[in-house]
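Have a look at run23.tsv below; it lists TSV, C-alpha atoms and all ligand atoms.
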```
chain	number	residue	atom	x	y	z
A	1	MET	CA	4.71	-1.84	-31.23
A	2	GLU	CA	6.03	-4.15	-33.93
A	3	GLY	CA	2.56	-5.64	-34.47
A	4	ALA	CA	0.94	-2.20	-34.77
A	5	SER	CA	3.13	-0.98	-37.66
A	6	GLN	CA	2.07	-3.77	-40.01
A	7	PRO	CA	-1.72	-3.08	-39.88
A	8	GLY	CA	-1.03	0.65	-40.29
A	9	HIS	CA	0.97	0.00	-43.40
A	10	ASP	CA	-1.64	-2.35	-44.76
A	11	ARG	CA	-4.48	0.17	-44.30
A	12	LYS	CA	-2.51	2.82	-46.15
A	13	THR	CA	-1.90	0.46	-49.08
A	14	GLU	CA	-5.64	-0.35	-49.37
A	15	GLY	CA	-6.62	3.32	-49.24
A	16	PHE	CA	-4.17	4.05	-52.02
A	17	GLY	CA	-6.18	1.86	-54.45
A	18	LYS	CA	-9.47	3.71	-53.83
A	19	ASP	CA	-8.59	7.40	-54.09
A	20	ALA	CA	-8.20	9.51	-57.29
A	21	PHE	CA	-4.45	9.45	-57.01
A	22	GLY	CA	-4.56	5.67	-57.00
A	23	ARG	CA	-6.92	5.46	-60.03
A	24	THR	CA	-4.56	7.66	-62.09
A	25	PHE	CA	-1.84	5.14	-61.54
A	26	VAL	CA	-3.77	1.95	-62.16
A	27	GLY	CA	-0.71	0.29	-63.62
A	28	LEU	CA	1.34	1.19	-60.59
A	29	GLN	CA	-1.43	-0.05	-58.30
A	30	THR	CA	-1.62	-3.34	-60.21
A	31	ILE	CA	2.12	-3.75	-59.87
A	32	ALA	CA	1.88	-2.86	-56.18
A	33	SER	CA	-1.01	-5.28	-55.80
A	34	ILE	CA	0.86	-8.09	-57.52
A	35	MET	CA	3.95	-7.34	-55.42
A	36	GLN	CA	1.82	-7.40	-52.27
A	37	ARG	CA	0.13	-10.65	-53.26
A	38	LEU	CA	3.51	-12.17	-53.88
A	39	MET	CA	4.96	-10.96	-50.58
A	40	LEU	CA	1.87	-11.10	-48.38
A	41	PRO	CA	-1.29	-12.73	-49.77
A	42	ARG	CA	-4.18	-10.31	-49.22
A	43	PRO	CA	-6.65	-12.61	-47.40
A	44	VAL	CA	-3.95	-13.61	-44.94
A	45	ASN	CA	-2.85	-10.00	-44.61
A	46	ARG	CA	-6.42	-8.87	-43.83
A	47	ARG	CA	-6.76	-11.55	-41.22
A	48	VAL	CA	-3.42	-10.53	-39.70
A	49	PHE	CA	-4.67	-6.94	-39.68
A	50	LEU	CA	-7.95	-7.76	-37.93
A	51	VAL	CA	-6.30	-10.06	-35.41
A	52	SER	CA	-3.59	-7.48	-34.75
A	53	MET	CA	-6.18	-4.76	-34.18
A	54	ALA	CA	-8.16	-7.00	-31.85
A	55	VAL	CA	-5.01	-7.87	-29.92
A	56	ALA	CA	-3.92	-4.23	-29.82
A	57	GLY	CA	-7.40	-3.15	-28.76
A	58	LEU	CA	-7.48	-5.67	-25.94
A	59	ALA	CA	-3.84	-5.50	-25.00
A	60	LEU	CA	-3.58	-1.74	-24.61
A	61	PRO	CA	-6.19	-1.29	-21.85
A	62	LEU	CA	-4.95	-4.45	-20.12
A	63	GLU	CA	-1.40	-3.19	-20.25
A	64	GLY	CA	-2.60	0.19	-18.94
A	65	GLN	CA	-4.43	-1.47	-16.06
A	66	GLU	CA	-1.43	-3.57	-15.23
A	67	ALA	CA	0.79	-0.50	-15.05
A	68	ALA	CA	-1.72	1.54	-13.04
A	69	LYS	CA	-2.54	-1.18	-10.54
A	70	ARG	CA	-1.23	-0.40	-7.07
A	71	MET	CA	-1.19	-2.81	-4.18
A	72	ILE	CA	-1.37	-1.59	-0.61
A	73	VAL	CA	-0.47	-4.22	1.97
A	74	ILE	CA	-1.78	-3.60	5.48
A	75	ASP	CA	-0.14	-5.41	8.36
A	76	PRO	CA	-2.35	-5.53	11.46
A	77	GLY	CA	0.27	-5.48	14.23
A	78	HIS	CA	0.56	-8.37	16.73
A	79	GLY	CA	-1.98	-11.20	16.99
A	80	GLY	CA	-2.17	-14.66	18.50
A	81	LYS	CA	-4.33	-16.58	20.92
A	82	ASN	CA	-2.65	-15.52	24.12
A	83	ASP	CA	-2.71	-12.11	25.66
A	84	GLU	CA	0.84	-12.60	26.86
A	85	ALA	CA	3.73	-12.75	24.45
A	86	ASP	CA	2.74	-15.06	21.62
A	87	SER	CA	5.43	-14.51	19.16
A	88	GLY	CA	4.73	-16.94	16.34
A	89	SER	CA	8.52	-17.27	16.17
A	90	THR	CA	11.27	-18.16	18.59
A	91	ALA	CA	13.74	-15.78	16.98
A	92	ALA	CA	13.88	-12.59	19.06
A	93	GLU	CA	14.49	-10.43	16.03
A	94	ASN	CA	11.56	-11.86	14.16
A	95	ARG	CA	8.67	-11.98	16.54
A	96	SER	CA	5.56	-9.92	16.87
A	97	ASP	CA	5.07	-10.24	20.60
A	98	ALA	CA	2.86	-8.86	23.37
A	99	ASN	CA	-0.58	-7.64	22.49
A	100	HIS	CA	-0.38	-4.57	24.68
A	101	ALA	CA	-3.64	-5.13	26.48
A	102	ALA	CA	-4.81	-2.02	28.26
A	103	LEU	CA	-7.43	-1.22	30.83
A	104	ILE	CA	-9.25	2.00	30.11
A	105	GLY	CA	-11.54	2.51	33.08
A	106	ASP	CA	-13.36	-0.80	33.34
A	107	ALA	CA	-12.98	-1.58	29.64
A	108	SER	CA	-10.28	-3.98	28.54
A	109	VAL	CA	-8.84	-3.25	25.12
A	110	LYS	CA	-6.22	-5.24	23.24
A	111	GLU	CA	-3.89	-3.85	20.64
A	112	ARG	CA	-3.97	-7.03	18.52
A	113	LEU	CA	-7.77	-6.80	18.19
A	114	LEU	CA	-7.81	-3.08	17.52
A	115	THR	CA	-5.12	-3.27	14.84
A	116	LEU	CA	-7.07	-6.00	13.05
A	117	GLU	CA	-10.34	-4.10	13.33
A	118	LEU	CA	-8.87	-0.86	12.00
A	119	SER	CA	-6.91	-2.65	9.25
A	120	LYS	CA	-10.08	-4.33	7.98
A	121	LYS	CA	-11.85	-0.97	7.96
A	122	ILE	CA	-8.97	0.64	6.05
A	123	ALA	CA	-9.09	-2.20	3.50
A	124	ALA	CA	-12.86	-1.77	3.06
A	125	SER	CA	-12.43	1.98	2.67
A	126	ILE	CA	-9.67	1.52	0.07
A	127	ALA	CA	-11.94	-0.84	-1.89
A	128	ALA	CA	-14.87	1.61	-1.74
A	129	LYS	CA	-12.82	4.70	-2.63
A	130	SER	CA	-10.99	2.87	-5.40
A	131	LYS	CA	-14.30	1.76	-6.93
A	132	GLU	CA	-15.84	5.25	-6.62
A	133	ASN	CA	-12.97	6.95	-8.42
A	134	GLY	CA	-12.33	4.19	-10.95
A	135	GLN	CA	-8.83	3.73	-9.55
A	136	THR	CA	-7.06	0.43	-9.54
A	137	VAL	CA	-5.77	0.24	-6.00
A	138	ASP	CA	-5.97	-3.16	-4.36
A	139	CYS	CA	-5.39	-4.15	-0.78
A	140	VAL	CA	-4.17	-7.23	1.06
A	141	LEU	CA	-3.92	-7.91	4.81
A	142	THR	CA	-1.03	-9.90	6.29
A	143	ARG	CA	-3.44	-11.50	8.77
A	144	THR	CA	-7.23	-11.64	8.88
A	145	GLN	CA	-7.87	-13.65	12.07
A	146	ASP	CA	-7.62	-12.68	15.75
A	147	ASP	CA	-5.57	-15.75	16.62
A	148	GLN	CA	-3.09	-15.49	13.75
A	149	ASN	CA	0.34	-14.15	14.56
A	150	PRO	CA	2.66	-14.53	11.60
A	151	ASP	CA	6.29	-13.59	12.24
A	152	PHE	CA	7.81	-10.64	10.40
A	153	THR	CA	9.31	-12.84	7.67
A	154	GLN	CA	5.89	-14.30	6.91
A	155	ARG	CA	4.23	-10.89	7.00
A	156	MET	CA	6.74	-9.48	4.54
A	157	ALA	CA	6.50	-12.61	2.36
A	158	THR	CA	2.76	-11.91	2.05
A	159	ALA	CA	3.59	-8.35	1.01
A	160	ALA	CA	6.12	-9.56	-1.56
A	161	GLU	CA	3.75	-12.17	-3.02
A	162	ALA	CA	1.09	-9.49	-3.41
A	163	HIS	CA	3.60	-7.28	-5.30
A	164	ALA	CA	3.15	-4.49	-2.77
A	165	SER	CA	3.56	-0.87	-3.85
A	166	LEU	CA	3.32	0.27	-0.25
A	167	VAL	CA	3.30	-1.62	3.07
A	168	ILE	CA	1.93	-0.22	6.30
A	169	SER	CA	2.02	-1.88	9.70
A	170	ILE	CA	-0.77	-0.69	11.99
A	171	HIS	CA	-0.16	-0.29	15.75
A	172	PHE	CA	-1.30	1.57	18.83
A	173	ASN	CA	1.19	3.21	21.11
A	174	SER	CA	1.73	3.54	24.85
A	175	GLY	CA	3.53	6.23	26.82
A	176	GLU	CA	3.45	8.27	30.00
A	177	VAL	CA	4.87	11.64	28.97
A	178	ARG	CA	3.24	14.94	27.94
A	179	SER	CA	3.61	14.15	24.24
A	180	SER	CA	1.89	10.74	24.59
A	181	ASN	CA	-0.90	11.57	22.22
A	182	GLY	CA	-1.32	11.58	18.46
A	183	PRO	CA	0.24	9.47	15.72
A	184	VAL	CA	3.84	8.31	15.30
A	185	CYS	CA	4.99	7.08	11.91
A	186	MET	CA	8.33	5.33	11.35
A	187	TYR	CA	10.29	4.43	8.23
A	188	PRO	CA	13.57	2.51	7.77
A	189	ARG	CA	16.82	4.36	8.54
A	190	ALA	CA	19.22	5.60	5.84
A	191	ALA	CA	21.65	2.69	6.26
A	192	VAL	CA	19.08	0.22	4.94
A	193	ASN	CA	16.87	2.55	2.96
A	194	PRO	CA	17.83	3.99	-0.44
A	195	HIS	CA	14.53	5.88	-0.52
A	196	LEU	CA	14.77	7.76	2.78
A	197	GLU	CA	13.48	11.10	1.48
A	198	ARG	CA	10.52	9.55	-0.31
A	199	ASP	CA	9.56	7.45	2.71
A	200	GLU	CA	9.94	10.38	5.11
A	201	LYS	CA	7.56	12.43	2.96
A	202	VAL	CA	4.96	9.68	2.85
A	203	ALA	CA	5.28	9.07	6.62
A	204	LYS	CA	4.83	12.78	7.38
A	205	ALA	CA	1.78	13.08	5.13
A	206	LEU	CA	0.22	10.04	6.75
A	207	ALA	CA	0.91	11.12	10.33
A	208	GLU	CA	-0.45	14.59	9.64
A	209	THR	CA	-3.61	13.16	8.08
A	210	VAL	CA	-4.17	10.99	11.15
A	211	ARG	CA	-3.49	13.91	13.53
A	212	LYS	CA	-6.01	16.16	11.74
A	213	THR	CA	-8.59	13.38	11.75
A	214	THR	CA	-8.21	12.82	15.50
A	215	LEU	CA	-8.40	16.58	16.08
A	216	ALA	CA	-12.13	16.49	15.25
A	217	PHE	CA	-12.64	14.38	18.40
A	218	GLU	CA	-10.40	16.39	20.76
A	219	GLU	CA	-11.56	18.79	23.44
A	220	PRO	CA	-11.39	22.44	22.31
A	221	GLY	CA	-7.87	23.83	22.66
A	222	PHE	CA	-6.21	20.41	22.98
A	223	THR	CA	-2.96	20.24	21.05
A	224	THR	CA	-2.30	16.88	19.45
A	225	HIS	CA	1.22	15.88	18.47
A	226	SER	CA	2.32	13.97	15.45
A	227	ALA	CA	5.81	12.57	15.06
A	228	CYS	CA	7.82	10.98	12.27
A	229	PHE	CA	11.29	9.49	12.41
A	230	ASP	CA	13.46	6.78	11.01
A	231	ASP	CA	13.92	3.77	13.28
A	232	GLN	CA	17.53	4.73	14.10
A	233	ASP	CA	16.11	7.14	16.64
A	234	LEU	CA	14.58	4.33	18.63
A	235	VAL	CA	16.49	1.95	20.80
A	236	ASP	CA	14.81	-0.17	23.46
A	237	ARG	CA	16.48	-2.18	26.19
A	238	ASN	CA	15.58	-5.77	26.86
A	239	GLU	CA	15.33	-7.43	30.29
A	240	HIS	CA	19.12	-7.82	30.42
A	241	GLY	CA	19.69	-4.13	29.76
A	242	LYS	CA	20.95	-4.90	26.29
A	243	GLN	CA	20.01	-2.44	23.58
A	244	VAL	CA	17.52	-3.87	21.11
A	245	ARG	CA	15.65	-2.37	18.23
A	246	PRO	CA	11.88	-2.00	18.60
A	247	HIS	CA	9.43	-3.86	16.39
A	248	GLY	CA	9.53	-1.32	13.61
A	249	SER	CA	13.17	-2.19	13.09
A	250	TYR	CA	12.51	-5.93	12.96
A	251	LEU	CA	9.74	-5.45	10.45
A	252	PHE	CA	11.95	-3.18	8.35
A	253	TYR	CA	14.81	-5.66	8.68
A	254	GLN	CA	12.65	-8.46	7.28
A	255	ALA	CA	11.37	-6.18	4.53
A	256	ARG	CA	14.96	-5.36	3.48
A	257	ASN	CA	15.76	-9.08	3.56
A	258	ASN	CA	13.13	-9.67	0.91
A	259	PRO	CA	14.56	-8.61	-2.48
A	260	THR	CA	11.08	-7.99	-3.88
A	261	LEU	CA	10.46	-5.29	-1.26
A	262	ARG	CA	13.78	-3.46	-1.42
A	263	ASP	CA	12.36	-0.46	-3.28
A	264	VAL	CA	8.96	-0.50	-1.62
A	265	THR	CA	7.85	2.05	1.01
A	266	VAL	CA	7.36	0.22	4.31
A	267	LEU	CA	5.87	2.23	7.16
A	268	TYR	CA	5.10	1.54	10.79
A	269	LEU	CA	2.20	3.62	12.05
A	270	GLU	CA	1.25	4.00	15.70
A	271	VAL	CA	-2.17	5.51	15.10
A	272	ASP	CA	-2.50	6.95	18.62
A	273	TYR	CA	-1.81	6.12	22.26
A	274	LEU	CA	-3.89	3.28	23.58
A	275	GLN	CA	-2.22	3.44	26.98
A	276	SER	CA	-1.54	6.83	28.41
A	277	LYS	CA	-1.97	7.54	32.12
A	278	LEU	CA	-1.88	11.26	31.47
A	279	TYR	CA	-4.72	11.13	28.96
A	280	GLN	CA	-7.03	8.44	30.33
A	281	GLU	CA	-10.21	10.36	29.50
A	282	ARG	CA	-9.02	10.92	26.00
A	283	SER	CA	-8.12	7.23	25.55
A	284	ARG	CA	-11.56	6.22	26.80
A	285	LYS	CA	-13.23	8.49	24.29
A	286	LEU	CA	-11.11	7.29	21.33
A	287	PHE	CA	-11.07	3.57	22.09
A	288	VAL	CA	-14.31	2.96	23.98
A	289	ASP	CA	-17.01	5.63	24.02
A	290	ARG	CA	-16.73	6.98	20.46
A	291	LYS	CA	-14.73	4.10	19.00
A	292	ALA	CA	-17.05	3.35	16.06
A	293	GLU	CA	-16.94	6.93	14.79
A	294	VAL	CA	-13.24	7.40	15.50
A	295	PHE	CA	-12.21	4.14	13.81
A	296	GLN	CA	-14.29	4.87	10.73
A	297	ALA	CA	-12.80	8.37	10.50
A	298	TRP	CA	-9.25	7.01	10.88
A	299	ALA	CA	-9.91	4.26	8.33
A	300	ASP	CA	-11.27	6.68	5.72
A	301	ALA	CA	-8.48	9.20	6.27
A	302	ILE	CA	-5.70	6.59	6.17
A	303	ALA	CA	-7.25	4.90	3.10
A	304	GLY	CA	-7.47	8.21	1.25
A	305	GLU	CA	-3.88	9.13	2.08
A	306	LEU	CA	-2.54	5.69	1.12
A	307	ILE	CA	-4.36	5.75	-2.21
A	308	SER	CA	-3.06	9.22	-3.03
A	309	GLN	CA	0.52	8.31	-1.99
A	310	ALA	CA	0.49	5.04	-3.95
A	311	THR	CA	-0.91	6.80	-7.00
A	312	ALA	CA	1.69	9.58	-6.77
A	313	MET	CA	4.46	6.95	-6.68
A	314	GLU	CA	3.07	5.46	-9.88
A	315	LYS	CA	3.31	8.78	-11.73
A	316	LYS	CA	6.97	9.17	-10.84
A	317	GLU	CA	7.92	5.75	-12.20
B	401	ZN	ZN	2.27	-2.57	18.45
```
Reformat the file's structure so that it appears as structure tokens.
Amino acid sequence: MEGASQPGHDRKTEGFGKDAFGRTFVGLQTIASIMQRLMLPRPVNRRVFLVSMAVAGLALPLEGQEAAKRMIVIDPGHGGKNDEADSGSTAAENRSDANHAALIGDASVKERLLTLELSKKIAASIAAKSKENGQTVDCVLTRTQDDQNPDFTQRMATAAEAHASLVISIHFNSGEVRSSNGPVCMYPRAAVNPHLERDEKVAKALAETVRKTTLAFEEPGFTTHSACFDDQDLVDRNEHGKQVRPHGSYLFYQARNNPTLRDVTVLYLEVDYLQSKLYQERSRKLFVDRKAEVFQAWADAIAGELISQATAMEKKE
């Protein structure tokens, strides 16, 4: 702003010399001119003016772009060469383990491959939508290869390096109860999350978007559930019967450990149930028979919701 005031002042002074009011006070103008020459030689001043305008002209849009730019980081859950636990880390609280391979009829599906496939589609959809609407929303994946399995610290370091506005970890669920269908979206609990209300709102919007998208593929009359909760609600037990937090918690823990991500929305989305004995037909339709259509629909819906949420966050800042 300091640079802008000088050219403005200069332009006013030049205009003064050309109008009728200026001509009436030639003497005054001459004095002003002499004073100006003494304080700021005119040729230099003009150059300063032009350079300042050029800088202002270039700097303003750049500054605007910088402020409007949002970065969505997508974390394709799991990964690694082996189908068994391939943690990428020996620390229990920091590993992204089993790939949750499932057998749907005679088709073998693996969570680590599906999360990567959907994440890439979401990224492509974000790029396309962002370009269409002239928005500046970028996207980065925490892994791009089947056999990669970065631990949670590495995944969150990628998010921090990218200056994430929003981080979403993509997963597929498993369960054997009546409500084992539809999306589940988690966010960090109040104890470690100063933005609980904001994150809950974003998680709900996202889960509802996914549920509605899946609804188009359901049998008539089928009621799909969507659920949202903070990770306090979830406690797993390990092989020794000891209570442990599920992966969402570990991811959130590593996100909170990274100072750059402390104020960033980090979500853990189970898009739907990959393994569900009660809904085998449904799983087959979503993950085998109509997979191409379903995945594209999920990708477009999730991309749209993420862009709108990231953009809304920007307005509030
Ligand atoms: Zn998972």
Out of A:Ala157, A:Leu114, A:Ala107, A:Cys139, which residue has the shortest atom-to-atom distance to Leu261 of chain A when counting all atoms listed in the file?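 Smallest separation from Leu261 of chain A among the options: A:Ala157.
Proximity to ligand ZN 401 (chain B) was assessed for A:His171, A:Arg155, A:His163, A:Lys120 counting all atoms listed in the file; the smallest distance is recorded for A:His171.
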Within 7 Å of ligand ZN 401 (chain B), which residues of chain A show up? Give each one with its shortest atom-to-atom distance in Å (one decimal) and the two atoms involved, counting all atoms listed in the file, rows by chain then rising residue number, as a Markdown table.
```
| residue | atom | partner | partner_atom | distance |
| --- | --- | --- | --- | --- |
| A:Gly77 | CA | B:ZN401 | ZN | 5.5 |
| A:His78 | CA | B:ZN401 | ZN | 6.3 |
| A:Glu111 | CA | B:ZN401 | ZN | 6.7 |
| A:His171 | CA | B:ZN401 | ZN | 4.3 |
| A:Phe172 | CA | B:ZN401 | ZN | 5.5 |
| A:Asn173 | CA | B:ZN401 | ZN | 6.5 |
```
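Distances here use only C-alpha atoms; by that measure, the residue among A:Pro150, A:Met71, A:Val271, A:Phe287 closest to Thr136 of chain A is A:Met71.
Nearest to Ala162 of chain A of all the residues A:Asp138, A:Leu267, A:Gln309, A:Thr144 is A:Asp138, based on only C-alpha atoms.
Restricting the calculation to all atoms listed in the file, the smallest distance between Asp289 of chain A and any of A:Phe217, A:Met156, A:Val210, A:Val73 is found for A:Phe217.
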In Å, how far is it from atom CA of Glu176 of chain A to atom CA of Tyr279 of chain A? 8.7 Å
In the coordinate frame of the file, compute which residues have an atom within 8 Å of (-9.5, -7.1, 6.1) when using all atoms listed in the file, and state them as a CSV table (one decimal) with C-alpha atoms, keeping the file's coordinate frame.
```
chain,number,residue,atom,x,y,z
A,116,LEU,CA,-7.1,-6.0,13.0
A,117,GLU,CA,-10.3,-4.1,13.3
A,119,SER,CA,-6.9,-2.6,9.2
A,120,LYS,CA,-10.1,-4.3,8.0
A,121,LYS,CA,-11.8,-1.0,8.0
A,122,ILE,CA,-9.0,0.6,6.0
A,123,ALA,CA,-9.1,-2.2,3.5
A,124,ALA,CA,-12.9,-1.8,3.1
A,140,VAL,CA,-4.2,-7.2,1.1
A,141,LEU,CA,-3.9,-7.9,4.8
A,143,ARG,CA,-3.4,-11.5,8.8
A,144,THR,CA,-7.2,-11.6,8.9
```
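Of note, atom CA of Asn193 of chain A and atom CA of Pro259 of chain A are spaced 12.6 Å apart.
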Please determine, counting all atoms listed in the file, which residue among A:Thr311, A:Gln254, A:Ser130, A:Ser276 has the shortest atom-to-atom distance to Ser174 of chain A.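 Of all the options, A:Ser276 lies closest to Ser174 of chain A.
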At a cut-off of 7 Å, using all atoms listed in the file, what residues contact segment 225-230 of chain A? Leave out same-chain residues fewer than 5 positions from it and give the result as a CSV table (one decimal) with C-alpha atoms, keeping the file's coordinate frame.
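Written output follows (result10.csv):
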```csv
chain,number,residue,atom,x,y,z
A,179,SER,CA,3.6,14.2,24.2
A,181,ASN,CA,-0.9,11.6,22.2
A,182,GLY,CA,-1.3,11.6,18.5
A,183,PRO,CA,0.2,9.5,15.7
A,184,VAL,CA,3.8,8.3,15.3
A,185,CYS,CA,5.0,7.1,11.9
A,186,MET,CA,8.3,5.3,11.4
A,187,TYR,CA,10.3,4.4,8.2
A,188,PRO,CA,13.6,2.5,7.8
A,189,ARG,CA,16.8,4.4,8.5
A,203,ALA,CA,5.3,9.1,6.6
A,204,LYS,CA,4.8,12.8,7.4
A,207,ALA,CA,0.9,11.1,10.3
A,208,GLU,CA,-0.4,14.6,9.6
A,211,ARG,CA,-3.5,13.9,13.5
```
note - atom CA of Ser108 of chain A and atom CA of Ala216 of chain A are separated by 24.5 Å
